[in-house]
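Visitor: My structure file entry_19.pdb, PDB, C-alpha atoms, is below:
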ATOM      1  CA  MET A  27      35.929  28.204 -74.413
ATOM      2  CA  ALA A  28      32.441  28.070 -72.929
ATOM      3  CA  PRO A  29      29.690  29.333 -75.256
ATOM      4  CA  GLN A  30      28.399  31.596 -72.531
ATOM      5  CA  GLY A  31      30.603  32.685 -69.657
ATOM      6  CA  LEU A  32      29.599  32.070 -66.064
ATOM      7  CA  THR A  33      29.714  34.598 -63.238
ATOM      8  CA  TYR A  34      31.540  33.406 -60.137
ATOM      9  CA  ALA A  35      31.374  34.515 -56.530
ATOM     10  CA  LEU A  36      34.228  33.546 -54.199
ATOM     11  CA  MET A  37      34.142  33.342 -50.419
ATOM     12  CA  VAL A  38      37.627  33.743 -48.914
ATOM     13  CA  GLN A  39      38.074  32.734 -45.273
ATOM     14  CA  GLY A  40      41.838  32.341 -44.923
ATOM     15  CA  ALA A  41      44.238  35.030 -43.685
ATOM     16  CA  PRO A  42      46.839  36.243 -46.216
ATOM     17  CA  TYR A  43      50.355  34.755 -45.839
ATOM     18  CA  SER A  44      49.147  32.377 -43.095
ATOM     19  CA  GLN A  45      47.149  30.082 -45.291
ATOM     20  CA  GLN A  46      46.778  28.972 -48.874
ATOM     21  CA  ALA A  47      43.172  30.156 -49.215
ATOM     22  CA  SER A  48      43.788  33.669 -50.561
ATOM     23  CA  HIS A  49      46.557  32.523 -52.946
ATOM     24  CA  SER A  50      44.309  29.801 -54.348
ATOM     25  CA  ALA A  51      41.324  32.133 -54.629
ATOM     26  CA  LEU A  52      43.400  34.695 -56.539
ATOM     27  CA  ARG A  53      44.862  32.107 -58.896
ATOM     28  CA  PHE A  54      41.389  30.717 -59.550
ATOM     29  CA  ALA A  55      39.893  34.166 -60.162
ATOM     30  CA  GLU A  56      42.759  35.289 -62.400
ATOM     31  CA  ALA A  57      42.365  32.160 -64.531
ATOM     32  CA  LEU A  58      38.630  32.621 -65.176
ATOM     33  CA  PRO A  59      38.736  35.040 -68.150
ATOM     34  CA  ALA A  60      40.864  32.616 -70.194
ATOM     35  CA  GLN A  61      37.940  30.183 -69.973
ATOM     36  CA  GLY A  62      35.381  32.831 -70.880
ATOM     37  CA  HIS A  63      34.152  33.351 -67.319
ATOM     38  CA  ARG A  64      34.553  36.152 -64.795
ATOM     39  CA  VAL A  65      34.528  36.680 -61.064
ATOM     40  CA  ALA A  66      31.722  39.056 -60.114
ATOM     41  CA  ALA A  67      32.201  39.250 -56.361
ATOM     42  CA  VAL A  68      34.657  38.190 -53.685
ATOM     43  CA  PHE A  69      33.322  37.991 -50.137
ATOM     44  CA  PHE A  70      35.900  38.061 -47.344
ATOM     45  CA  TYR A  71      34.762  36.393 -44.141
ATOM     46  CA  HIS A  72      36.358  35.009 -40.959
ATOM     47  CA  ASP A  73      40.170  35.627 -41.051
ATOM     48  CA  GLY A  74      39.825  36.307 -44.786
ATOM     49  CA  VAL A  75      39.027  39.920 -43.904
ATOM     50  CA  TYR A  76      42.765  40.527 -43.335
ATOM     51  CA  ASN A  77      43.192  40.380 -47.121
ATOM     52  CA  ALA A  78      41.777  43.915 -47.114
ATOM     53  CA  ALA A  79      44.368  45.351 -44.694
ATOM     54  CA  SER A  80      45.352  48.582 -46.466
ATOM     55  CA  MET A  81      48.805  48.743 -44.875
ATOM     56  CA  MET A  82      49.791  45.234 -45.967
ATOM     57  CA  SER A  83      53.549  45.438 -46.655
ATOM     58  CA  PRO A  84      55.039  42.096 -47.670
ATOM     59  CA  PRO A  85      58.742  41.624 -48.479
ATOM     60  CA  GLN A  86      59.524  42.480 -52.104
ATOM     61  CA  ASP A  87      60.240  38.907 -53.111
ATOM     62  CA  GLU A  88      56.786  37.703 -52.056
ATOM     63  CA  PRO A  89      53.487  38.165 -53.881
ATOM     64  CA  HIS A  90      51.688  41.353 -52.873
ATOM     65  CA  LEU A  91      48.212  39.996 -52.238
ATOM     66  CA  LEU A  92      46.552  43.374 -51.674
ATOM     67  CA  GLU A  93      47.768  44.590 -55.060
ATOM     68  CA  ARG A  94      46.634  41.361 -56.684
ATOM     69  CA  TRP A  95      43.118  41.895 -55.298
ATOM     70  CA  ARG A  96      43.132  45.501 -56.520
ATOM     71  CA  ALA A  97      44.256  44.381 -59.966
ATOM     72  CA  LEU A  98      41.555  41.718 -60.016
ATOM     73  CA  HIS A  99      38.978  44.401 -59.241
ATOM     74  CA  GLN A 100      40.323  46.575 -62.033
ATOM     75  CA  VAL A 101      40.517  43.847 -64.672
ATOM     76  CA  GLN A 102      37.263  41.994 -63.947
ATOM     77  CA  GLN A 103      35.267  44.771 -62.231
ATOM     78  CA  CYS A 104      34.490  42.438 -59.351
ATOM     79  CA  GLU A 105      33.179  43.685 -56.028
ATOM     80  CA  LEU A 106      35.518  43.167 -53.064
ATOM     81  CA  LEU A 107      33.081  42.724 -50.180
ATOM     82  CA  VAL A 108      34.297  42.485 -46.593
ATOM     83  CA  CYS A 109      32.042  41.225 -43.805
ATOM     84  CA  VAL A 110      31.635  44.230 -41.536
ATOM     85  CA  ALA A 111      31.086  42.205 -38.349
ATOM     86  CA  SER A 112      34.194  40.078 -38.926
ATOM     87  CA  ALA A 113      36.283  43.089 -39.996
ATOM     88  CA  ILE A 114      35.578  45.622 -37.277
ATOM     89  CA  ARG A 115      36.290  43.295 -34.380
ATOM     90  CA  ARG A 116      39.600  42.427 -36.074
ATOM     91  CA  GLY A 117      40.609  46.076 -36.510
ATOM     92  CA  LEU A 118      39.782  46.588 -40.196
ATOM     93  CA  LEU A 119      37.840  49.844 -40.429
ATOM     94  CA  ASP A 120      37.028  52.099 -43.356
ATOM     95  CA  GLU A 121      37.093  55.870 -42.983
ATOM     96  CA  SER A 122      33.635  56.270 -41.495
ATOM     97  CA  GLU A 123      33.980  53.334 -39.077
ATOM     98  CA  ALA A 124      37.424  54.578 -38.012
ATOM     99  CA  LYS A 125      35.907  57.982 -37.199
ATOM    100  CA  ARG A 126      32.965  56.393 -35.405
ATOM    101  CA  HIS A 127      35.306  54.352 -33.195
ATOM    102  CA  GLY A 128      37.659  57.264 -32.533
ATOM    103  CA  HIS A 129      40.625  56.113 -34.659
ATOM    104  CA  SER A 130      42.686  58.568 -36.692
ATOM    105  CA  HIS A 131      43.299  56.357 -39.756
ATOM    106  CA  PRO A 132      41.270  53.855 -41.730
ATOM    107  CA  THR A 133      42.807  50.393 -42.156
ATOM    108  CA  LEU A 134      40.602  49.376 -45.085
ATOM    109  CA  GLU A 135      40.176  51.348 -48.306
ATOM    110  CA  ALA A 136      38.411  51.153 -51.661
ATOM    111  CA  PRO A 137      38.021  49.089 -53.765
ATOM    112  CA  PHE A 138      37.295  46.969 -50.672
ATOM    113  CA  GLU A 139      33.959  47.762 -49.056
ATOM    114  CA  LEU A 140      32.477  46.830 -45.715
ATOM    115  CA  THR A 141      29.195  45.034 -46.116
ATOM    116  CA  GLY A 142      26.849  42.585 -44.382
ATOM    117  CA  LEU A 143      26.348  38.851 -44.665
ATOM    118  CA  GLY A 144      23.249  39.595 -46.720
ATOM    119  CA  GLN A 145      25.624  40.413 -49.587
ATOM    120  CA  LEU A 146      27.160  36.930 -49.314
ATOM    121  CA  MET A 147      23.701  35.407 -49.621
ATOM    122  CA  HIS A 148      22.899  37.724 -52.499
ATOM    123  CA  ALA A 149      26.092  36.666 -54.283
ATOM    124  CA  ALA A 150      25.331  32.984 -53.655
ATOM    125  CA  LEU A 151      21.830  33.319 -55.076
ATOM    126  CA  HIS A 152      22.536  35.793 -57.857
ATOM    127  CA  TYR A 153      25.716  34.512 -59.516
ATOM    128  CA  ASP A 154      26.149  31.211 -61.332
ATOM    129  CA  ARG A 155      28.673  29.653 -58.938
ATOM    130  CA  LEU A 156      29.906  30.182 -55.382
ATOM    131  CA  ILE A 157      33.294  28.722 -54.442
ATOM    132  CA  THR A 158      34.562  28.647 -50.850
ATOM    133  CA  PHE A 159      38.292  29.072 -50.173
ATOM    134  CA  ALA A 160      38.844  28.150 -46.538
ATOM    135  CA  PRO A 161      41.643  26.690 -44.404
TER     136      PRO A 161
ATOM    137  CA  MET B 448      16.010  37.452 -55.400
ATOM    138  CA  SER B 449      16.191  34.161 -57.263
ATOM    139  CA  SER B 450      15.530  30.963 -55.365
ATOM    140  CA  LYS B 451      18.349  28.476 -54.856
ATOM    141  CA  SER B 452      18.827  25.834 -52.207
ATOM    142  CA  ILE B 453      21.809  26.486 -49.942
ATOM    143  CA  LEU B 454      23.782  23.917 -47.970
ATOM    144  CA  VAL B 455      25.961  25.134 -45.089
ATOM    145  CA  ILE B 456      28.602  22.584 -44.021
ATOM    146  CA  VAL B 457      30.266  23.028 -40.627
ATOM    147  CA  ARG B 458      33.610  21.182 -40.479
ATOM    148  CA  HIS B 459      35.252  22.752 -37.417
ATOM    149  CA  PRO B 460      34.768  22.041 -33.696
ATOM    150  CA  PRO B 461      32.772  24.490 -31.565
ATOM    151  CA  HIS B 462      35.421  25.794 -29.171
ATOM    152  CA  GLY B 463      38.794  27.415 -29.784
ATOM    153  CA  SER B 464      37.779  29.203 -32.985
ATOM    154  CA  SER B 465      34.874  31.220 -34.346
ATOM    155  CA  TRP B 466      34.149  28.900 -37.281
ATOM    156  CA  VAL B 467      30.920  27.420 -35.964
ATOM    157  CA  ARG B 468      29.482  30.739 -34.847
ATOM    158  CA  GLU B 469      30.349  32.472 -38.127
ATOM    159  CA  GLY B 470      28.909  29.582 -40.143
ATOM    160  CA  LEU B 471      25.700  29.693 -38.146
ATOM    161  CA  GLU B 472      25.483  33.456 -38.575
ATOM    162  CA  ALA B 473      25.629  33.015 -42.347
ATOM    163  CA  ALA B 474      22.881  30.382 -42.119
ATOM    164  CA  LEU B 475      20.715  32.706 -40.012
ATOM    165  CA  VAL B 476      21.091  35.571 -42.476
ATOM    166  CA  GLY B 477      20.000  33.218 -45.260
ATOM    167  CA  ALA B 478      16.953  32.286 -43.188
ATOM    168  CA  ALA B 479      16.184  35.952 -42.473
ATOM    169  CA  LEU B 480      16.206  36.604 -46.226
ATOM    170  CA  GLY B 481      13.638  33.875 -46.750
ATOM    171  CA  GLN B 482      16.111  31.213 -47.944
ATOM    172  CA  PRO B 483      16.581  28.942 -44.905
ATOM    173  CA  PRO B 484      19.675  26.842 -45.689
ATOM    174  CA  THR B 485      20.161  23.180 -44.896
ATOM    175  CA  ILE B 486      22.879  22.779 -42.262
ATOM    176  CA  LEU B 487      25.184  19.764 -42.123
ATOM    177  CA  PHE B 488      27.851  18.948 -39.525
ATOM    178  CA  SER B 489      30.768  16.874 -40.683
ATOM    179  CA  GLY B 490      34.283  16.057 -39.475
ATOM    180  CA  ASP B 491      35.059  17.797 -36.179
ATOM    181  CA  GLY B 492      31.920  19.856 -36.817
ATOM    182  CA  VAL B 493      29.807  17.060 -35.283
ATOM    183  CA  LEU B 494      31.292  17.992 -31.891
ATOM    184  CA  ALA B 495      29.194  21.176 -32.009
ATOM    185  CA  LEU B 496      26.101  18.968 -31.665
ATOM    186  CA  LEU B 497      27.059  17.364 -28.348
ATOM    187  CA  ALA B 498      24.366  17.999 -25.744
ATOM    188  CA  ASN B 499      24.842  20.094 -22.587
ATOM    189  CA  GLN B 500      27.658  22.301 -23.825
ATOM    190  CA  GLN B 501      28.605  25.331 -21.781
ATOM    191  CA  ARG B 502      30.182  28.555 -22.960
ATOM    192  CA  GLY B 503      33.917  28.361 -23.485
ATOM    193  CA  ALA B 504      36.556  29.889 -21.242
ATOM    194  CA  LEU B 505      37.858  32.014 -24.128
ATOM    195  CA  GLY B 506      35.371  34.855 -23.864
ATOM    196  CA  GLN B 507      33.463  33.559 -26.879
ATOM    197  CA  LYS B 508      29.704  33.413 -26.943
ATOM    198  CA  GLY B 509      29.545  29.677 -27.629
ATOM    199  CA  SER B 510      27.374  28.077 -30.269
ATOM    200  CA  ALA B 511      25.003  25.743 -28.373
ATOM    201  CA  ALA B 512      22.351  28.405 -27.765
ATOM    202  CA  MET B 513      22.503  29.475 -31.411
ATOM    203  CA  LEU B 514      22.072  25.853 -32.513
ATOM    204  CA  GLU B 515      19.049  25.386 -30.303
ATOM    205  CA  GLY B 516      17.510  28.542 -31.760
ATOM    206  CA  LEU B 517      17.921  27.567 -35.414
ATOM    207  CA  SER B 518      14.561  25.784 -35.580
ATOM    208  CA  LEU B 519      12.840  29.119 -34.868
ATOM    209  CA  TYR B 520      14.176  30.213 -38.253
ATOM    210  CA  ASP B 521      13.131  27.031 -40.067
ATOM    211  CA  VAL B 522      16.719  25.799 -40.185
ATOM    212  CA  GLU B 523      16.056  22.189 -39.160
ATOM    213  CA  PRO B 524      16.837  19.401 -38.615
ATOM    214  CA  LEU B 525      20.526  19.554 -37.669
ATOM    215  CA  TRP B 526      22.012  17.059 -40.144
ATOM    216  CA  TYR B 527      25.142  15.146 -39.198
ATOM    217  CA  ASP B 528      27.493  12.768 -40.959
ATOM    218  CA  HIS B 529      27.311   9.508 -39.025
ATOM    219  CA  LEU B 530      30.804   8.372 -40.112
ATOM    220  CA  SER B 531      32.288  11.503 -38.537
ATOM    221  CA  LEU B 532      30.329  10.760 -35.384
ATOM    222  CA  GLU B 533      31.460   7.115 -35.213
ATOM    223  CA  ALA B 534      35.083   8.009 -35.954
ATOM    224  CA  ARG B 535      35.042  10.163 -32.820
ATOM    225  CA  GLY B 536      33.573   7.428 -30.624
ATOM    226  CA  LEU B 537      30.200   9.150 -30.339
ATOM    227  CA  ASP B 538      26.631   8.115 -31.005
ATOM    228  CA  VAL B 539      23.383   9.949 -31.578
ATOM    229  CA  SER B 540      22.206   9.546 -27.960
ATOM    230  CA  GLN B 541      24.902  12.051 -26.956
ATOM    231  CA  LEU B 542      23.681  14.751 -29.334
ATOM    232  CA  MET B 543      21.233  17.566 -28.680
ATOM    233  CA  PRO B 544      17.599  17.091 -29.763
ATOM    234  CA  GLY B 545      16.752  17.719 -33.399
ATOM    235  CA  CYS B 546      19.724  15.949 -35.024
ATOM    236  CA  GLN B 547      19.274  13.696 -38.026
ATOM    237  CA  GLN B 548      21.641  11.436 -39.952
ATOM    238  CA  ALA B 549      22.651  12.503 -43.462
ATOM    239  CA  CYS B 550      24.633  11.223 -46.418
ATOM    240  CA  ILE B 551      27.122  13.943 -47.423
ATOM    241  CA  ALA B 552      27.221  13.102 -51.127
ATOM    242  CA  ASP B 553      23.412  13.138 -51.431
ATOM    243  CA  MET B 554      23.239  16.412 -49.552
ATOM    244  CA  ILE B 555      25.734  18.136 -51.812
ATOM    245  CA  ALA B 556      24.067  16.736 -54.927
ATOM    246  CA  ARG B 557      20.658  18.006 -53.818
ATOM    247  CA  HIS B 558      21.681  21.645 -53.277
ATOM    248  CA  ASP B 559      22.455  24.472 -55.711
ATOM    249  CA  VAL B 560      24.974  26.254 -53.480
ATOM    250  CA  VAL B 561      27.400  24.841 -50.895
ATOM    251  CA  MET B 562      29.191  26.975 -48.309
ATOM    252  CA  SER B 563      31.706  25.378 -45.969
ATOM    253  CA  PHE B 564      32.919  26.656 -42.653
TER     254      PHE B 564
END
Let me see the structure of the file written as structure tokens.

Guide:
Amino acid sequence: MAPQGLTYALMVQGAPYSQQASHSALRFAEALPAQGHRVAAVFFYHDGVYNAASMMSPPQDEPHLLERWRALHQVQQCELLVCVASAIRRGLLDESEAKRHGHSHPTLEAPFELTGLGQLMHAALHYDRLITFAP
Amino acid sequence: MSSKSILVIVRHPPHGSSWVREGLEAALVGAALGQPPTILFSGDGVLALLANQQRGALGQKGSAAMLEGLSLYDVEPLWYDHLSLEARGLDVSQLMPGCQQACIADMIARHDVVMSF
């Protein structure tokens, strides 16, 4: 075990169920506490924003990635940050964006939050490590 | 905000996906926050540096204009991996102005943070 744990930021750029990126990122993040570390922030960019789709409904015999992200947030108190520019053009809108664009339902909900690329830079500069998970 | 050096690696070609544009956008935000990243093109990413590119037919904005504007934000030069260039039958005379040859391993070793796109 490390004498002092590190804080990790992850950047996830792969779509769920299409690519390995989100599975690998989750497995990496879930394994951190056993080594004395923690994930502080996950930034979803590019097709990675689909990981936040609130209506994600996989078959029962497949991993439920949305629930795994929620559990990760609960266990490690990490921020789940979604790039607002990537998300909105792909149809992932929180309540206020849904209203603003005239849609009746949000497609992205807490603990995921829409945020700017500045938060990715902040995470890269502020936390001890940044790991990219991309196709 | 603490100061760390950031390396942005572009590994995807410029047309047919939004990888290059989204990578460049991240680099520009870093520059706007006073941390201009180093940008390195490797693999198919070197194709983004070919001179005289037009906008694609896919309704995307294209990346050539963004690349030419990076120097305004102190993101320069445009580093490229020469092995990637040679493997694709290209040489530096075909690239846009402002490109410079890099060694990937040195680049990664010299930076605190690496982001790949």

Visitor: Can you pull out every residue within 12 Å of Leu480 (chain B), counting all atoms listed in the file, but drop anything in the same chain fewer than 2 positions away, and send it as a list in words?

Guide: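 Counting all atoms listed in the file, the residues come to Leu143, Gly144, Gln145, Leu146, Met147, His148 and Leu151 of chain A; Met448, Ser449, Ser450, Ala473, Ala474, Leu475, Val476, Gly477, Ala478, Gln482, Pro483, Pro484, Tyr520 and Asp521 of chain B.
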
Visitor: Which one of B:Ser452, B:Asn499, B:Ser518, B:Ser531 sits closest to chain A if you count all atoms listed in the file?

Guide: B:Ser452

Visitor: Define the interface residues of chain A facing chain B as those within 9 Å, counting only C-alpha atoms, and report them as a PyMOL selection string.

Guide: chain A and resi 37+39+71-72+112+143-144+146-148+150-152+155-161

Visitor: Residue by residue, what does the PyMOL selection byres ((chain B and resi 527) around 8) grab here? Present the result as JSON, numbers by chain.

Guide: {"B": [487, 488, 489, 493, 525, 526, 528, 529, 532, 546, 547, 548, 549]}

Visitor: If the PyMOL selection byres ((chain A and resi 85-94) around 12) is run on the structure shown, which residues does it catch, given as JSON, numbers by chain?

Guide: {"A": [41, 42, 43, 44, 46, 47, 48, 49, 50, 51, 52, 53, 55, 56, 74, 75, 76, 77, 78, 79, 80, 81, 82, 83, 84, 95, 96, 97, 98, 99, 100, 101, 102, 106, 134, 135, 136, 137, 138]}

Visitor: Kindly give the distance, in Å, that separates CA of Met543 (chain B) and CA of Ile555 (chain B), rounded to a single decimal.

Guide: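 That distance, rounded to one decimal, is 23.6 Å.
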
Visitor: Counting all atoms listed in the file, which of A:Ala113, A:Leu140, A:Tyr34, A:Leu107 gets nearest to Asp73 (chain A)?

Guide: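 Checking each candidate against Asp73 (chain A), we get A:Ala113 as the closest.
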
Visitor: At what distance in Å, to one decimal, does CA of Met554 (chain B) lie from CA of Asp538 (chain B)?

Guide: 20.6 Å

Visitor: How many Å lie between CA of His558 (chain B) and CA of Leu471 (chain B), rounded to one decimal?

Guide: 17.6 Å

Visitor: Counting all atoms listed in the file, which of A:Gly40, A:Gly31, A:Gln45, A:Val110 gets nearest to Gln61 (chain A)?

Guide: A:Gly31

Visitor: Using all atoms listed in the file, which protein or nucleic acid residues come within 12 Å of Arg502 (chain B)? Drop anything in the same chain fewer than 2 positions from it, and give the result as a list in words.

Guide: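 The neighbour list is Pro461, His462, Gly463, Ala495, Asn499, Gln500, Ala504, Leu505, Gly506, Gln507, Lys508, Gly509, Ser510, Ala511, Ala512 and Met513 of chain B.
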
Visitor: If you count only C-alpha atoms, which residues fall within 8 Å of Leu494 (chain B), apart from same-chain ones fewer than 3 positions away, as a PyMOL selection string?

Guide: chain B and resi 460-461+491+497

Visitor: Residue by residue, what does the PyMOL selection byres ((chain A and resi 63) around 10) grab here? Present the result as an MDAnalysis selection string.

Guide: chainID A and resid 27:34 55 57:62 64:66 102

Visitor: Please list as a list of chain:residue names every residue within 12 Å of Glu123 (chain A), counting only C-alpha atoms and excluding residues in the same chain fewer than 5 positions away.

Guide: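 The contact residues come out as A:Val110, A:Ala111, A:Ala113, A:Ile114, A:Arg115, A:Gly117, A:Leu118, A:Gly128, A:His129, A:Ser130, A:His131, A:Pro132, A:Thr133, A:Leu134, A:Glu135, A:Glu139, A:Leu140, A:Thr141.
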
Visitor: So which one's closest to Gly516 (chain B), B:Gly545, B:Val457, B:Leu530, B:Val467? Using only C-alpha atoms, please.

Guide: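 Closest to Gly516 (chain B) of all the choices is B:Gly545.
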